[in-house]
>>> print(open('input21.cif').read())   # mmCIF, C-alpha atoms and all ligand atoms
data_structure
#
loop_
_atom_site.label_atom_id
_atom_site.label_comp_id
_atom_site.auth_asym_id
_atom_site.auth_seq_id
_atom_site.Cartn_x
_atom_site.Cartn_y
_atom_site.Cartn_z
CA MET X 1 47.10 63.40 -68.19
CA ILE X 2 44.08 62.07 -70.06
CA ASP X 3 41.66 64.72 -71.36
CA VAL X 4 38.58 62.49 -71.62
CA LEU X 5 38.44 59.06 -69.98
CA ILE X 6 35.43 56.92 -70.78
CA ILE X 7 34.45 54.02 -68.53
CA GLY X 8 32.63 51.30 -70.50
CA GLY X 9 33.15 50.24 -74.11
CA GLY X 10 29.53 49.62 -75.12
CA ALA X 11 27.46 51.53 -77.65
CA ALA X 12 27.49 54.73 -75.60
CA GLY X 13 31.17 54.55 -74.63
CA MET X 14 32.40 53.98 -78.18
CA MET X 15 30.24 56.81 -79.54
CA ALA X 16 31.39 59.13 -76.74
CA ALA X 17 35.04 58.33 -77.42
CA LEU X 18 34.70 58.90 -81.15
CA HIS X 19 32.82 62.16 -80.69
CA ALA X 20 35.26 63.42 -78.03
CA LYS X 21 38.07 62.93 -80.52
CA GLN X 22 36.13 64.49 -83.38
CA ALA X 23 35.34 67.47 -81.14
CA GLY X 24 39.05 68.06 -80.65
CA ALA X 25 39.87 66.38 -77.32
CA GLY X 26 43.58 65.57 -77.05
CA HIS X 27 44.15 62.32 -75.20
CA VAL X 28 41.02 60.14 -75.09
CA THR X 29 41.07 56.72 -73.38
CA LEU X 30 38.30 54.12 -73.34
CA LEU X 31 38.35 51.49 -70.59
CA GLU X 32 36.39 48.25 -70.95
CA ARG X 33 36.22 45.46 -68.35
CA ASN X 34 35.67 42.63 -70.88
CA ASN X 35 38.32 41.36 -73.27
CA ARG X 36 36.40 42.93 -76.15
CA LEU X 37 34.12 45.91 -76.76
CA GLY X 38 30.38 45.98 -77.29
CA LEU X 39 29.44 42.52 -76.05
CA LYS X 40 25.83 43.60 -75.52
CA ILE X 41 25.54 45.12 -79.00
CA GLY X 42 26.42 41.66 -80.27
CA ILE X 43 23.13 40.23 -78.93
CA THR X 44 20.89 43.14 -79.92
CA GLY X 45 18.17 42.70 -82.54
CA LYS X 46 18.67 38.91 -82.33
CA GLY X 47 22.31 39.37 -83.30
CA ARG X 48 21.51 41.78 -86.13
CA CYS X 49 21.26 45.11 -84.19
CA ASN X 50 18.26 47.26 -85.05
CA LEU X 51 20.45 50.35 -84.79
CA THR X 52 17.78 52.95 -85.52
CA ASN X 53 14.43 53.49 -87.22
CA ASP X 54 14.21 55.59 -90.35
CA CYS X 55 11.70 58.11 -88.98
CA THR X 56 11.37 61.63 -87.59
CA VAL X 57 12.33 62.74 -84.08
CA GLN X 58 8.62 63.23 -83.39
CA GLU X 59 7.89 59.60 -84.30
CA LEU X 60 10.85 58.32 -82.24
CA VAL X 61 9.65 60.24 -79.18
CA GLU X 62 6.04 59.12 -79.64
CA ASN X 63 7.16 55.48 -79.65
CA VAL X 64 8.95 55.67 -76.32
CA PRO X 65 6.35 54.26 -73.87
CA VAL X 66 7.28 56.41 -70.85
CA ASN X 67 8.43 60.05 -70.79
CA GLY X 68 9.64 60.11 -74.40
CA ARG X 69 9.92 63.91 -74.24
CA PHE X 70 13.00 63.46 -72.05
CA LEU X 71 14.81 62.27 -75.19
CA TYR X 72 13.94 65.31 -77.32
CA SER X 73 17.20 67.14 -76.76
CA ALA X 74 19.35 64.04 -77.38
CA PHE X 75 17.42 63.13 -80.53
CA SER X 76 17.59 66.67 -81.85
CA GLN X 77 21.40 66.48 -81.62
CA MET X 78 21.55 63.00 -83.15
CA ASP X 79 18.44 61.89 -85.04
CA SER X 80 17.96 58.79 -87.22
CA GLN X 81 19.19 60.55 -90.36
CA LYS X 82 22.43 61.63 -88.66
CA THR X 83 22.89 58.13 -87.20
CA MET X 84 22.54 56.52 -90.61
CA ALA X 85 24.80 59.15 -92.20
CA LEU X 86 27.46 58.50 -89.54
CA PHE X 87 27.52 54.74 -90.18
CA ASP X 88 27.48 55.33 -93.91
CA GLN X 89 30.50 57.59 -93.54
CA LEU X 90 32.25 54.95 -91.38
CA GLY X 91 31.70 52.39 -94.13
CA LEU X 92 28.97 50.26 -92.52
CA ARG X 93 26.36 49.49 -95.16
CA LEU X 94 22.79 49.55 -93.88
CA LYS X 95 19.38 48.32 -94.97
CA THR X 96 15.85 49.27 -93.93
CA GLU X 97 13.28 46.56 -93.24
CA ARG X 98 9.57 46.32 -92.37
CA GLY X 99 8.53 48.97 -89.86
CA ARG X 100 11.40 51.19 -91.12
CA ARG X 101 13.83 49.28 -88.86
CA VAL X 102 17.45 49.82 -89.85
CA PHE X 103 20.04 46.99 -89.65
CA PRO X 104 23.59 46.40 -90.93
CA LEU X 105 23.33 45.01 -94.47
CA SER X 106 25.38 42.00 -93.32
CA ASP X 107 22.79 41.18 -90.60
CA ARG X 108 25.72 41.04 -88.18
CA ALA X 109 25.65 43.21 -85.07
CA THR X 110 29.32 42.43 -84.48
CA GLU X 111 30.16 44.27 -87.70
CA LEU X 112 28.78 47.43 -86.13
CA VAL X 113 31.02 46.91 -83.08
CA LEU X 114 34.08 46.42 -85.27
CA THR X 115 33.18 49.53 -87.29
CA LEU X 116 32.83 51.73 -84.22
CA ARG X 117 35.99 50.39 -82.61
CA ALA X 118 38.00 50.85 -85.81
CA ALA X 119 36.69 54.41 -86.22
CA ALA X 120 37.52 55.31 -82.63
CA GLU X 121 41.02 53.87 -82.87
CA LYS X 122 41.61 55.54 -86.23
CA ALA X 123 40.60 58.86 -84.67
CA GLY X 124 43.27 58.27 -82.01
CA VAL X 125 41.27 56.87 -79.09
CA GLN X 126 43.32 54.60 -76.86
CA VAL X 127 41.28 51.47 -76.14
CA ARG X 128 42.10 49.34 -73.10
CA THR X 129 40.18 46.11 -72.55
CA GLU X 130 40.27 43.92 -69.43
CA SER X 131 40.34 47.11 -67.40
CA ARG X 132 37.52 47.14 -64.89
CA VAL X 133 37.26 50.46 -63.08
CA GLN X 134 36.70 49.94 -59.38
CA SER X 135 37.19 53.39 -57.97
CA LEU X 136 36.69 56.97 -59.10
CA LEU X 137 38.01 59.79 -56.94
CA VAL X 138 38.15 63.57 -57.32
CA THR X 139 41.49 65.14 -56.41
CA VAL X 140 41.88 68.50 -54.69
CA LYS X 141 42.67 70.02 -58.11
CA GLY X 142 39.26 68.89 -59.38
CA GLU X 143 40.74 66.15 -61.55
CA PHE X 144 39.86 62.44 -61.45
CA THR X 145 41.81 59.39 -60.36
CA VAL X 146 40.41 56.31 -62.03
CA SER X 147 41.66 52.97 -60.82
CA GLY X 148 41.21 49.23 -61.03
CA GLN X 149 43.34 46.14 -60.64
CA GLY X 150 46.84 47.03 -61.83
CA PHE X 151 46.12 50.56 -63.08
CA SER X 152 45.56 54.07 -61.82
CA LEU X 153 44.97 56.90 -64.30
CA SER X 154 44.48 60.65 -64.03
CA ALA X 155 41.92 62.41 -66.17
CA ARG X 156 40.51 65.91 -66.53
CA ASN X 157 37.06 64.62 -67.57
CA VAL X 158 35.36 61.27 -67.02
CA ILE X 159 32.33 59.85 -68.79
CA ILE X 160 30.59 56.92 -67.11
CA ALA X 161 29.10 54.74 -69.87
CA THR X 162 28.78 51.44 -68.03
CA GLY X 163 25.25 50.62 -69.21
CA GLY X 164 22.15 49.65 -67.28
CA LEU X 165 21.52 46.39 -65.45
CA SER X 166 20.08 44.22 -68.20
CA TYR X 167 22.05 41.13 -69.25
CA PRO X 168 24.78 41.42 -66.59
CA VAL X 169 26.73 38.63 -68.31
CA THR X 170 27.63 41.19 -70.97
CA GLY X 171 29.46 43.26 -68.35
CA SER X 172 26.83 45.81 -67.30
CA THR X 173 26.50 44.95 -63.63
CA GLY X 174 25.77 48.38 -62.22
CA ASP X 175 29.37 49.49 -61.51
CA GLY X 176 28.62 52.90 -63.02
CA TYR X 177 25.80 53.49 -60.54
CA ARG X 178 28.15 52.74 -57.65
CA LEU X 179 30.92 54.94 -59.10
CA ALA X 180 28.50 57.86 -59.61
CA GLN X 181 27.12 57.39 -56.11
CA SER X 182 30.64 57.42 -54.64
CA LEU X 183 31.02 60.94 -56.07
CA GLY X 184 27.79 62.06 -54.40
CA HIS X 185 25.27 61.61 -57.22
CA ASN X 186 21.73 60.60 -56.32
CA LEU X 187 20.31 57.59 -58.12
CA VAL X 188 16.78 57.00 -59.28
CA LYS X 189 15.87 53.44 -58.23
CA THR X 190 16.38 51.12 -61.19
CA ARG X 191 13.59 48.82 -62.36
CA PRO X 192 13.24 46.30 -65.16
CA ALA X 193 11.68 47.44 -68.45
CA LEU X 194 11.22 45.61 -71.76
CA VAL X 195 11.25 42.25 -70.00
CA PRO X 196 9.40 38.95 -70.43
CA LEU X 197 6.84 38.11 -67.74
CA GLU X 198 6.50 35.01 -65.56
CA SER X 199 3.24 33.13 -65.19
CA PRO X 200 2.28 30.66 -62.44
CA GLU X 201 -0.17 28.92 -64.83
CA PRO X 202 1.14 25.47 -65.83
CA TRP X 203 -0.76 25.57 -69.17
CA VAL X 204 1.12 28.72 -70.18
CA ARG X 205 4.47 27.04 -69.66
CA GLU X 206 3.34 23.94 -71.52
CA LEU X 207 2.89 26.12 -74.60
CA GLN X 208 6.56 27.18 -74.62
CA GLY X 209 7.83 27.97 -78.08
CA LEU X 210 4.38 28.79 -79.48
CA SER X 211 4.23 32.26 -81.03
CA LEU X 212 1.02 34.10 -81.86
CA LYS X 213 0.68 36.74 -84.56
CA ASN X 214 -2.08 39.34 -84.94
CA VAL X 215 -3.49 38.86 -81.47
CA THR X 216 -4.40 41.59 -79.00
CA LEU X 217 -2.97 41.63 -75.52
CA THR X 218 -4.95 43.53 -72.90
CA SER X 219 -3.22 44.42 -69.65
CA PRO X 220 -3.23 47.35 -67.22
CA ALA X 221 -0.82 48.95 -69.73
CA GLY X 222 -3.56 49.04 -72.40
CA CYS X 223 -4.56 47.00 -75.40
CA GLU X 224 -2.22 46.37 -78.35
CA LEU X 225 -2.32 44.27 -81.50
CA GLY X 226 0.82 42.34 -82.49
CA GLU X 227 2.98 39.30 -81.75
CA MET X 228 3.68 37.39 -78.55
CA LEU X 229 5.36 34.20 -77.48
CA PHE X 230 4.96 31.53 -74.78
CA THR X 231 8.17 30.60 -72.94
CA HIS X 232 9.18 27.99 -70.37
CA TYR X 233 8.47 30.51 -67.59
CA GLY X 234 5.63 32.65 -68.99
CA VAL X 235 5.19 35.01 -71.91
CA SER X 236 7.43 37.20 -74.05
CA GLY X 237 7.53 38.76 -77.53
CA PRO X 238 6.99 42.35 -78.66
CA LEU X 239 3.51 42.84 -77.12
CA VAL X 240 4.64 41.59 -73.71
CA LEU X 241 7.94 43.47 -73.73
CA THR X 242 6.19 46.74 -74.54
CA ALA X 243 3.57 46.28 -71.82
CA SER X 244 6.13 45.10 -69.23
CA GLY X 245 7.51 48.55 -68.34
CA HIS X 246 4.13 49.55 -66.90
CA ILE X 247 3.27 46.13 -65.48
CA VAL X 248 6.53 45.89 -63.51
CA ASP X 249 5.42 48.91 -61.44
CA LEU X 250 2.12 47.19 -60.56
CA LEU X 251 3.54 43.80 -59.57
CA PRO X 252 4.40 44.73 -55.96
CA ARG X 253 0.62 45.13 -55.42
CA GLY X 254 -0.07 41.57 -56.62
CA PRO X 255 -0.31 39.49 -59.79
CA VAL X 256 -1.44 41.15 -63.01
CA VAL X 257 -3.93 39.52 -65.37
CA LEU X 258 -3.23 39.50 -69.11
CA THR X 259 -6.00 38.78 -71.61
CA ILE X 260 -5.20 37.49 -75.08
CA ASP X 261 -7.76 37.92 -77.84
CA LEU X 262 -6.82 35.28 -80.40
CA LYS X 263 -9.33 36.55 -82.96
CA PRO X 264 -9.37 40.31 -82.61
CA GLY X 265 -10.83 40.71 -86.10
CA LEU X 266 -14.06 38.94 -85.09
CA SER X 267 -16.84 40.26 -82.86
CA GLU X 268 -18.31 37.86 -80.30
CA GLU X 269 -21.33 37.31 -82.57
CA GLN X 270 -19.11 36.60 -85.59
CA LEU X 271 -16.98 34.18 -83.55
CA ASP X 272 -20.10 32.41 -82.27
CA ALA X 273 -21.44 32.04 -85.80
CA ARG X 274 -18.05 30.81 -86.98
CA LEU X 275 -17.85 28.15 -84.24
CA LEU X 276 -21.40 26.94 -84.93
CA ARG X 277 -20.55 26.68 -88.61
CA ASP X 278 -17.39 24.64 -87.87
CA PHE X 279 -19.34 22.34 -85.52
CA ALA X 280 -22.16 21.90 -88.06
CA GLU X 281 -19.74 20.91 -90.82
CA VAL X 282 -18.83 17.68 -89.02
CA PRO X 283 -21.55 17.20 -86.40
CA ARG X 284 -20.35 14.10 -84.54
CA ARG X 285 -16.75 15.17 -84.22
CA HIS X 286 -14.98 15.36 -80.86
CA PHE X 287 -15.06 18.95 -79.53
CA ALA X 288 -11.25 19.28 -79.60
CA ASN X 289 -11.13 18.21 -83.24
CA SER X 290 -13.65 20.89 -84.22
CA LEU X 291 -11.30 23.72 -83.33
CA ASP X 292 -8.51 22.88 -85.73
CA LYS X 293 -9.57 25.46 -88.30
CA LEU X 294 -9.76 28.18 -85.67
CA LEU X 295 -6.69 27.76 -83.48
CA PRO X 296 -3.08 26.60 -83.78
CA GLY X 297 -2.91 22.87 -82.92
CA ARG X 298 -0.95 23.29 -79.68
CA LEU X 299 -3.38 25.86 -78.34
CA ILE X 300 -6.43 23.63 -78.78
CA THR X 301 -5.57 21.31 -75.86
CA ALA X 302 -5.07 24.29 -73.56
CA VAL X 303 -8.27 26.02 -74.69
CA VAL X 304 -10.35 22.85 -74.33
CA ALA X 305 -8.91 22.18 -70.85
CA LEU X 306 -9.68 25.75 -69.74
C1 LIG V 1 18.46 41.32 -75.74
C2 LIG V 1 18.62 42.77 -76.09
C3 LIG V 1 18.30 43.21 -77.37
C4 LIG V 1 18.43 44.56 -77.69
N1 LIG V 1 18.16 44.95 -78.97
C5 LIG V 1 18.36 46.25 -79.34
C6 LIG V 1 18.22 46.67 -80.69
O1 LIG V 1 17.95 45.85 -81.59
N2 LIG V 1 18.39 47.98 -80.97
C7 LIG V 1 18.75 48.89 -80.00
O2 LIG V 1 18.93 50.08 -80.30
N3 LIG V 1 18.95 48.51 -78.70
C8 LIG V 1 18.76 47.23 -78.36
N4 LIG V 1 18.98 46.85 -77.06
C9 LIG V 1 19.39 47.88 -76.08
C10 LIG V 1 20.90 48.17 -76.22
O3 LIG V 1 21.61 46.96 -76.10
C11 LIG V 1 21.32 49.12 -75.13
O4 LIG V 1 20.53 50.26 -75.15
C12 LIG V 1 22.78 49.51 -75.32
O5 LIG V 1 23.62 48.39 -75.34
C13 LIG V 1 23.20 50.45 -74.22
O6 LIG V 1 24.53 50.83 -74.48
P1 LIG V 1 25.48 51.30 -73.32
O7 LIG V 1 26.79 51.59 -73.93
O8 LIG V 1 24.80 52.35 -72.52
O9 LIG V 1 25.61 50.05 -72.34
P2 LIG V 1 26.24 48.54 -72.59
O10 LIG V 1 26.03 48.19 -73.99
O11 LIG V 1 25.66 47.76 -71.49
O12 LIG V 1 27.78 48.81 -72.38
C14 LIG V 1 28.34 49.09 -71.14
C15 LIG V 1 29.78 48.59 -71.17
O13 LIG V 1 30.43 49.02 -69.98
C16 LIG V 1 31.28 47.97 -69.55
N5 LIG V 1 31.53 48.14 -68.10
C17 LIG V 1 30.63 47.99 -67.10
N6 LIG V 1 31.22 48.25 -65.92
C18 LIG V 1 32.50 48.57 -66.20
C19 LIG V 1 33.61 48.94 -65.39
N7 LIG V 1 33.51 49.03 -64.04
N8 LIG V 1 34.79 49.22 -65.98
C20 LIG V 1 34.92 49.13 -67.33
N9 LIG V 1 33.91 48.77 -68.14
C21 LIG V 1 32.70 48.51 -67.60
C22 LIG V 1 30.49 46.71 -69.87
O14 LIG V 1 31.32 45.56 -69.90
C23 LIG V 1 29.88 47.07 -71.22
O15 LIG V 1 30.69 46.67 -72.29
C24 LIG V 1 18.86 45.51 -76.70
C25 LIG V 1 19.17 45.06 -75.41
C26 LIG V 1 19.06 43.72 -75.10
C27 LIG V 1 19.43 43.28 -73.71
#
>>> encode(input="input21.cif", output="structure tokens", more="lines below")
Ligand SMILES: Cc1cc2nc3c(=O)[nH]c(=O)nc-3n(C[C@H](O)[C@H](O)[C@H](O)COP(=O)(O)OP(=O)(O)OC[C@H]3O[C@@H](n4cnc5c(N)ncnc54)[C@H](O)[C@@H]3O)c2cc1C
Amino acid sequence: MIDVLIIGGGAAGMMAALHAKQAGAGHVTLLERNNRLGLKIGITGKGRCNLTNDCTVQELVENVPVNGRFLYSAFSQMDSQKTMALFDQLGLRLKTERGRRVFPLSDRATELVLTLRAAAEKAGVQVRTESRVQSLLVTVKGEFTVSGQGFSLSARNVIIATGGLSYPVTGSTGDGYRLAQSLGHNLVKTRPALVPLESPEPWVRELQGLSLKNVTLTSPAGCELGEMLFTHYGVSGPLVLTASGHIVDLLPRGPVVLTIDLKPGLSEEQLDARLLRDFAEVPRRHFANSLDKLLPGRLITAVVAL
């Protein structure tokens, strides 16, 4: 009989398994559907994994766009300092970059996966890959029967750590929601958050690959200064991802308009004066060629056309 069975070998599952062992659980088993653990961690932080930020719980909570207070109790158990201390103790060397973002010193997210897996196995966790859980039942004795193709296991406690619905190719396809529902849990409807946005405007898509720094993006979610990016389907980058959580809720009511201020440091009067000065410098120049000091080359065509 397994004491603690964890379904899903991602960030949460590996941490749960390690902590269950450290807290004294006897037999702990971790089941992962893929042939290796932590596939999603491998793509986080552009393959480097921004595993925490070196700041206080208060700051962490304040930077969660929606209902950050919900995370207070979790963060007070495991704050940034404890997270960094844990990885330090497990032998993963870390570094802190701009914005107090913490990464593995090697810049390799996969090193974090290997570290967590090795720690869990060293603590005695039994890891089983290629084991997709398809059914979760409660027996009359109040224990669990966990089964999939070719296996059926009994456990006293089960932790569902199958992830959300983002990047299903990494294995998180919503199985955990279905398993929880099969035991009678109610689900809050899932919705995308931290996602790029699509635009029907052809000029937006023609700018794919162009990134803008120090611009402000105004949307129904507010106005923020930072970086954004044009893609082959619309817009992305930190400003867009942050605003998307709020925008996604508004989209069923119709399209949302985003406004980009390319020169947030200049007032309208200052910008006007600046343009007149640029035009006056070379008076008989073609309009499009007069903007090259003001805007990135690729943006000029779009701005002139608009
Ligand atoms: C592009 C991208 C970049 C990100 N960058 C960062 C970052 O830099 N820093 C950061 O903190 N967060 C980042 N995140 C968020 C982070 O990846 C997630 O918060 C984290 O992976 C969630 O961990 P999890 O264990 O809950 O779920 P997952 O990592 O999704 O793990 C769930 C695991 O369960 C397995 N599973 C699913 N169903 C079953 C089943 N039926 N049986 C067995 N196993 C199953 C899956 O295969 C998967 O391995 C990023 C996310 C994305 C998509």
>>> residues_around(input="input21.cif", residues="Leu37 (chain X)", least_positions_apart="6", cutoff="12 Å", atoms="all atoms listed in the file", output="JSON, numbers by chain")
{"X": [7, 8, 9, 10, 11, 12, 13, 14, 15, 30, 31, 110, 111, 112, 113, 114, 115, 116, 117, 118, 120, 127, 128, 129, 130, 131, 162, 170, 171, 172]}
>>> closest_residue(input="input21.cif", among="X:Ser147, X:Thr216, X:Thr173, X:Thr231", to="Glu201 (chain X)", atoms="all atoms listed in the file")
X:Thr231
>>> closest_residue(input="input21.cif", among="X:Pro264, X:Pro65, X:Asp54, X:Ala288", to="Glu97 (chain X)", atoms="all atoms listed in the file")
X:Asp54
>>> closest_residue(input="input21.cif", among="X:Val125, X:Leu137, X:Ala302, X:Ala273", to="Val204 (chain X)", atoms="all atoms listed in the file")
X:Ala302
>>> residues_near_point(input="input21.cif", point="(30.6, 64.8, -52.7)", cutoff="12 Å", atoms="all atoms listed in the file", output="number ranges by chain")
X: 136-139, 142, 179-186
>>> atom_distance(input="input21.cif", atom1="CA of Arg205 (chain X)", atom2="CA of His232 (chain X)")
4.9 Å
>>> closest_residue(input="input21.cif", among="X:Arg191, X:Lys141, X:Arg36, X:Lys263", to="ligand LIG 1 (chain V)", atoms="only C-alpha atoms and all ligand atoms")
X:Arg36
>>> atom_distance(input="input21.cif", atom1="CA of Asp261 (chain X)", atom2="CA of Val215 (chain X)")
5.7 Å
>>> atom_distance(input="input21.cif", atom1="CA of Lys122 (chain X)", atom2="CA of Gly164 (chain X)")
27.8 Å
>>> closest_residue(input="input21.cif", among="X:Cys223, X:Val195, X:Leu258, X:Leu306", to="ligand LIG 1 (chain V)", atoms="only C-alpha atoms and all ligand atoms")
X:Val195
>>> closest_residue(input="input21.cif", among="X:Thr52, X:Ser166, X:Thr242, X:Asn157", to="Phe144 (chain X)", atoms="all atoms listed in the file")
X:Asn157
>>> residues_around(input="input21.cif", residues="Leu153 (chain X)", least_positions_apart="2", cutoff="9 Å", atoms="only C-alpha atoms", output="PyMOL selection string")
chain X and resi 1-2+5+144-147+151+155
>>> residues_around(input="input21.cif", residues="Val4 (chain X)", least_positions_apart="5", cutoff="7 Å", atoms="only C-alpha atoms", output="list of chain:residue names")
X:His27, X:Val28, X:Thr29, X:Ala155, X:Arg156, X:Asn157, X:Val158
>>> write_last_selection(input="input21.cif", atoms="C-alpha atoms", output="compact mmCIF listing (two decimals), keeping the file's coordinate frame")
# COMPACT_ATOMS: atom_id res chain seq x y z
CA HIS X 27 44.15 62.32 -75.20
CA VAL X 28 41.02 60.14 -75.09
CA THR X 29 41.07 56.72 -73.38
CA ALA X 155 41.92 62.41 -66.17
CA ARG X 156 40.51 65.91 -66.53
CA ASN X 157 37.06 64.62 -67.57
CA VAL X 158 35.36 61.27 -67.02
>>> residues_around(input="input21.cif", residues="Gly24 (chain X)", least_positions_apart="6", cutoff="12 Å", atoms="all atoms listed in the file", output="mmCIF file with C-alpha atoms, in the frame of the given file")
data_model
loop_
_atom_site.group_PDB
_atom_site.id
_atom_site.type_symbol
_atom_site.label_atom_id
_atom_site.label_comp_id
_atom_site.auth_asym_id
_atom_site.auth_seq_id
_atom_site.Cartn_x
_atom_site.Cartn_y
_atom_site.Cartn_z
ATOM 1 C CA ASP X 3 41.660 64.720 -71.360
ATOM 2 C CA VAL X 4 38.580 62.490 -71.620
ATOM 3 C CA ALA X 17 35.040 58.330 -77.420
ATOM 4 C CA LEU X 18 34.700 58.900 -81.150
ATOM 5 C CA ALA X 123 40.600 58.860 -84.670
ATOM 6 C CA GLY X 124 43.270 58.270 -82.010
ATOM 7 C CA VAL X 125 41.270 56.870 -79.090
#
>>> residues_near_point(input="input21.cif", point="(7.1, 58.6, -83.4)", cutoff="12 Å", atoms="only C-alpha atoms", output="list in words")
Asn53, Asp54, Cys55, Thr56, Val57, Gln58, Glu59, Leu60, Val61, Glu62, Asn63, Val64, Pro65, Gly68, Arg69, Leu71, Tyr72, Phe75, Asp79, Ser80, Gly99 and Arg100 of chain X
>>> axis_aligned_box(input="input21.cif", around="region 102-116 of chain X", padding_each_side="8 Å", output="lines of an AutoDock Vina configuration file")
center_x = 25.8
center_y = 46.4
center_z = -88.8
size_x = 32.6
size_y = 26.7
size_z = 27.4
>>> residues_around(input="input21.cif", residues="Arg93 (chain X)", least_positions_apart="3", cutoff="7 Å", atoms="all atoms listed in the file", output="list in words")
Asp88, Pro104 and Leu105 of chain X
>>> decode(input="input21.cif", residues="region 112-125 of chain X", atoms="C-alpha atoms", output="tab-separated table (two decimals), in the first residue's frame")
chain	number	residue	atom	x	y	z
X	112	LEU	CA	16.51	22.18	-12.17
X	113	VAL	CA	14.43	19.19	-13.28
X	114	LEU	CA	17.36	16.82	-12.85
X	115	THR	CA	18.10	18.30	-9.42
X	116	LEU	CA	14.54	17.84	-8.19
X	117	ARG	CA	14.25	14.34	-9.60
X	118	ALA	CA	17.58	13.28	-8.09
X	119	ALA	CA	16.59	14.73	-4.69
X	120	ALA	CA	13.23	12.97	-4.73
X	121	GLU	CA	14.76	9.64	-5.70
X	122	LYS	CA	17.53	10.02	-3.14
X	123	ALA	CA	14.87	10.64	-0.48
X	124	GLY	CA	13.27	7.33	-1.51
X	125	VAL	CA	10.46	8.44	-3.85
